[in-house]
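Okay, structure first, notes after.
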Amino acid sequence: MELDIYTKNGDLAGRKLEVSDKVFAAEPNEHTVYLAVQAQRTNSRQGTAATKTRSMVSGGGRKPWKQKGRGTARAGTIRSPIWKSGGTAHGPQPHPYLYKLPQKVKKLARISVLSAKTRDEQMKVLEDFTLTEVKTKEVFSLLKGFGLTASKTLLLVNEYDSAILLASRNIKNLKVAMAVDASTYDLLDCKALLITESAMKKLEGILSS
């Protein structure tokens, strides 16, 4: 299939880019997208929730009172979970969260989102560009040309560009990422997707292999 190429001003460049139907016109697989998003959100959890057990709280070095003769329940330590300021029974402890997915599932999930974005006309290909000066207004004018100043937008570039990153970091609804690093969640979590021409070719090469 062929996609129109736009200039950074939002105008048609007058040429098209041939892309693979396997990557940008595939039938979306919603379940793989669900698995990929679930995996990323799970793996991002810190797993630092913790409570103190009876061995961690202070006090309780001696038996509170003698075993028999008081007419009360037996007690061996004031650190018991049933005592005020005692330890917590069966509370959460720090542990890692890990949800691994096969590479083929990850790839299919990204293909599904890209195909859906292409079908819904939420993705546009930009000519490769560089900023004349590191100014927020330069990137903001790019969004303005596409009418995306109020829409959540993801801009994918081919390689690390400090100028674009610095100029875009103060724009609320814009995220800039390298095409190879964009996850399924990143591709899904935007209303509009802008991809530079070289980033498009790189992404196609990775996902069609």
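Each chain of the structure tokens is named A, B, ... in the order shown, its residues numbered from 1; ligands are numbered from 1 in display order.
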
Give me the residues near Glu133 of chain A as a PDB file with N, CA and C atoms, in the first residue's frame, where near means some atom within 10 Å (using only C-alpha atoms) and where sequence neighbours in that chain fewer than 6 positions away do not count.
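The file below, around_14.pdb, is the result:
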```pdb
ATOM      1  N   ALA A 163      17.832  17.939  19.803  1.00  0.00           N
ATOM      2  CA  ALA A 163      17.148  19.205  19.504  1.00  0.00           C
ATOM      3  C   ALA A 163      15.629  19.026  19.558  1.00  0.00           C
ATOM      4  N   ILE A 164      15.135  17.954  18.928  1.00  0.00           N
ATOM      5  CA  ILE A 164      13.685  17.712  18.925  1.00  0.00           C
ATOM      6  C   ILE A 164      13.196  17.380  20.329  1.00  0.00           C
ATOM      7  N   ALA A 167      13.125  20.604  22.427  1.00  0.00           N
ATOM      8  CA  ALA A 167      12.109  21.546  21.965  1.00  0.00           C
ATOM      9  C   ALA A 167      10.686  21.053  22.214  1.00  0.00           C
TER      10      ALA A 167
END
```

For this session: Considering only C-alpha atoms, return as a PyMOL selection string whatever protein or nucleic-acid residues lie within 7 Å of Lys63 of chain A, sequence-local ones (same chain, fewer than 3 positions apart) excluded.
Result: chain A and resi 75-77

Problem set entry | Shortest interatomic distance to Ala177 of chain A - which of A:Asp189, A:Glu159, A:Glu127, A:Glu27, counting only C-alpha atoms |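 Nearest candidate to Ala177 of chain A out of A:Asp189, A:Glu159, A:Glu127, A:Glu27: A:Glu159.
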
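Across the structure, atom CA of Val134 of chain A and atom CA of Leu166 of chain A are spaced 6.9 Å apart.
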
Exercise. Restricting the calculation to only C-alpha atoms, which member of A:Lys191, A:Ser183, A:Ser115, A:Val157 is positioned closest to Ala26 of chain A?
Worked result: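 Smallest separation from Ala26 of chain A among the options: A:Ser115.
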
For this session: Report as a ChimeraX atom specification: the residues of segment 46-203 of chain A with a DSSP assignment of alpha helix (DSSP H), based on the backbone of this structure.
Result: /A:103-119,136-146,162-168,184-188,197-203

Can I get the selected residues back with C-alpha atoms, as a compact mmCIF listing (two decimals), in the first residue's frame?
```
# COMPACT_ATOMS: atom_id res chain seq x y z
CA GLN A 103 8.66 -11.95 20.70
CA LYS A 104 6.13 -12.97 18.04
CA VAL A 105 3.24 -11.84 20.24
CA LYS A 106 4.93 -8.48 20.91
CA LYS A 107 5.53 -7.98 17.19
CA LEU A 108 1.96 -8.92 16.25
CA ALA A 109 0.60 -6.51 18.86
CA ARG A 110 2.55 -3.57 17.40
CA ILE A 111 1.52 -4.54 13.88
CA SER A 112 -2.12 -4.66 15.01
CA VAL A 113 -2.00 -1.15 16.46
CA LEU A 114 -0.18 0.32 13.44
CA SER A 115 -2.68 -1.30 11.07
CA ALA A 116 -5.60 0.04 13.10
CA LYS A 117 -4.09 3.55 13.16
CA THR A 118 -3.57 3.42 9.39
CA ARG A 119 -7.12 2.18 8.79
CA THR A 136 9.38 24.93 21.51
CA LYS A 137 7.53 27.09 18.99
CA GLU A 138 9.23 25.16 16.15
CA VAL A 139 7.66 21.86 17.25
CA PHE A 140 4.40 23.54 18.26
CA SER A 141 4.05 24.97 14.76
CA LEU A 142 4.42 21.42 13.40
CA LEU A 143 1.49 20.27 15.54
CA LYS A 144 -0.47 23.37 14.59
CA GLY A 145 -0.03 22.56 10.90
CA PHE A 146 -1.77 19.22 11.46
CA SER A 162 18.48 16.09 21.25
CA ALA A 163 17.15 19.20 19.50
CA ILE A 164 13.68 17.71 18.93
CA LEU A 165 13.58 16.23 22.43
CA LEU A 166 14.51 19.52 24.09
CA ALA A 167 12.11 21.55 21.97
CA SER A 168 9.17 19.21 22.62
CA THR A 184 2.40 -1.27 21.90
CA TYR A 185 1.19 0.85 24.83
CA ASP A 186 2.93 3.96 23.42
CA LEU A 187 1.38 3.44 19.98
CA LEU A 188 -2.05 2.86 21.50
CA GLU A 197 9.93 8.79 6.69
CA SER A 198 13.20 7.19 7.81
CA ALA A 199 11.60 5.99 11.06
CA MET A 200 8.79 4.44 9.03
CA LYS A 201 11.25 2.42 6.95
CA LYS A 202 13.16 1.31 10.04
CA LEU A 203 9.97 0.25 11.84
```

Exercise. Can you tell me, as a PyMOL selection string, what residues are no more than 12 Å from Lys52 of chain A when counting only C-alpha atoms, ignoring any on the same chain fewer than 5 positions away?
Worked result: chain A and resi 57-58+79-81+85-94

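When atom CA of Ser209 of chain A is paired with atom CA of Ser20 of chain A, their separation reads 11.1 Å.
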
Neighbouring residues of Lys152 of chain A were defined as those with any atom within 10 Å, considering only C-alpha atoms; residues of the same chain fewer than 3 positions away were excluded. Please report them as a tab-separated table (two decimals) with N, CA and C atoms, in the first residue's frame.
```
chain	number	residue	atom	x	y	z
A	148	LEU	N	-3.19	19.48	15.64
A	148	LEU	CA	-3.06	18.53	16.74
A	148	LEU	C	-2.61	19.18	18.04
A	149	THR	N	-2.78	20.48	18.17
A	149	THR	CA	-2.29	21.17	19.36
A	149	THR	C	-3.02	20.71	20.63
A	172	LYS	N	2.55	19.76	26.36
A	172	LYS	CA	1.80	18.86	27.24
A	172	LYS	C	1.35	17.57	26.56
A	173	ASN	N	0.79	17.66	25.37
A	173	ASN	CA	0.15	16.50	24.74
A	173	ASN	C	1.06	15.78	23.75
A	174	LEU	N	2.35	16.07	23.77
A	174	LEU	CA	3.25	15.46	22.79
A	174	LEU	C	4.29	14.58	23.47
A	175	LYS	N	4.52	13.41	22.88
A	175	LYS	CA	5.60	12.54	23.32
A	175	LYS	C	6.45	12.20	22.11
A	189	ASP	N	-1.59	4.63	23.09
A	189	ASP	CA	-1.93	5.72	24.00
A	189	ASP	C	-1.75	7.09	23.34
A	190	CYS	N	-2.32	7.26	22.16
A	190	CYS	CA	-2.27	8.56	21.47
A	190	CYS	C	-3.43	8.65	20.49
A	191	LYS	N	-3.87	9.87	20.26
A	191	LYS	CA	-4.94	10.10	19.29
A	191	LYS	C	-4.39	10.22	17.88
A	192	ALA	N	-3.16	10.71	17.77
A	192	ALA	CA	-2.53	10.88	16.46
A	192	ALA	C	-1.10	10.37	16.52
A	193	LEU	N	-0.67	9.75	15.43
A	193	LEU	CA	0.67	9.18	15.34
A	193	LEU	C	1.39	9.80	14.14
```

Exercise. Can you tell me, as a PyMOL selection string, what residues are no more than 9 Å from Thr7 of chain A when counting only C-alpha atoms, ignoring any on the same chain fewer than 4 positions away?
Worked result: chain A and resi 11-13+125-129+142

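Among A:Asp120, A:Asn170, A:Leu194, A:Ala182, the residue with the shortest atom-to-atom distance to Thr153 of chain A, counting only C-alpha atoms, is A:Leu194.
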
For this session: For atom CA of Ser151 of chain A and atom CA of Gln122 of chain A, quote the distance in Å rounded to one decimal.
Result: 11.1 Å

Problem set entry | Nearest to Ile206 of chain A by atom-to-atom distance, counting only C-alpha atoms, from A:Tyr97, A:Lys16, A:Val23, A:Gly10 |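 When distances to Ile206 of chain A are compared using only C-alpha atoms, the smallest one comes from A:Val23.
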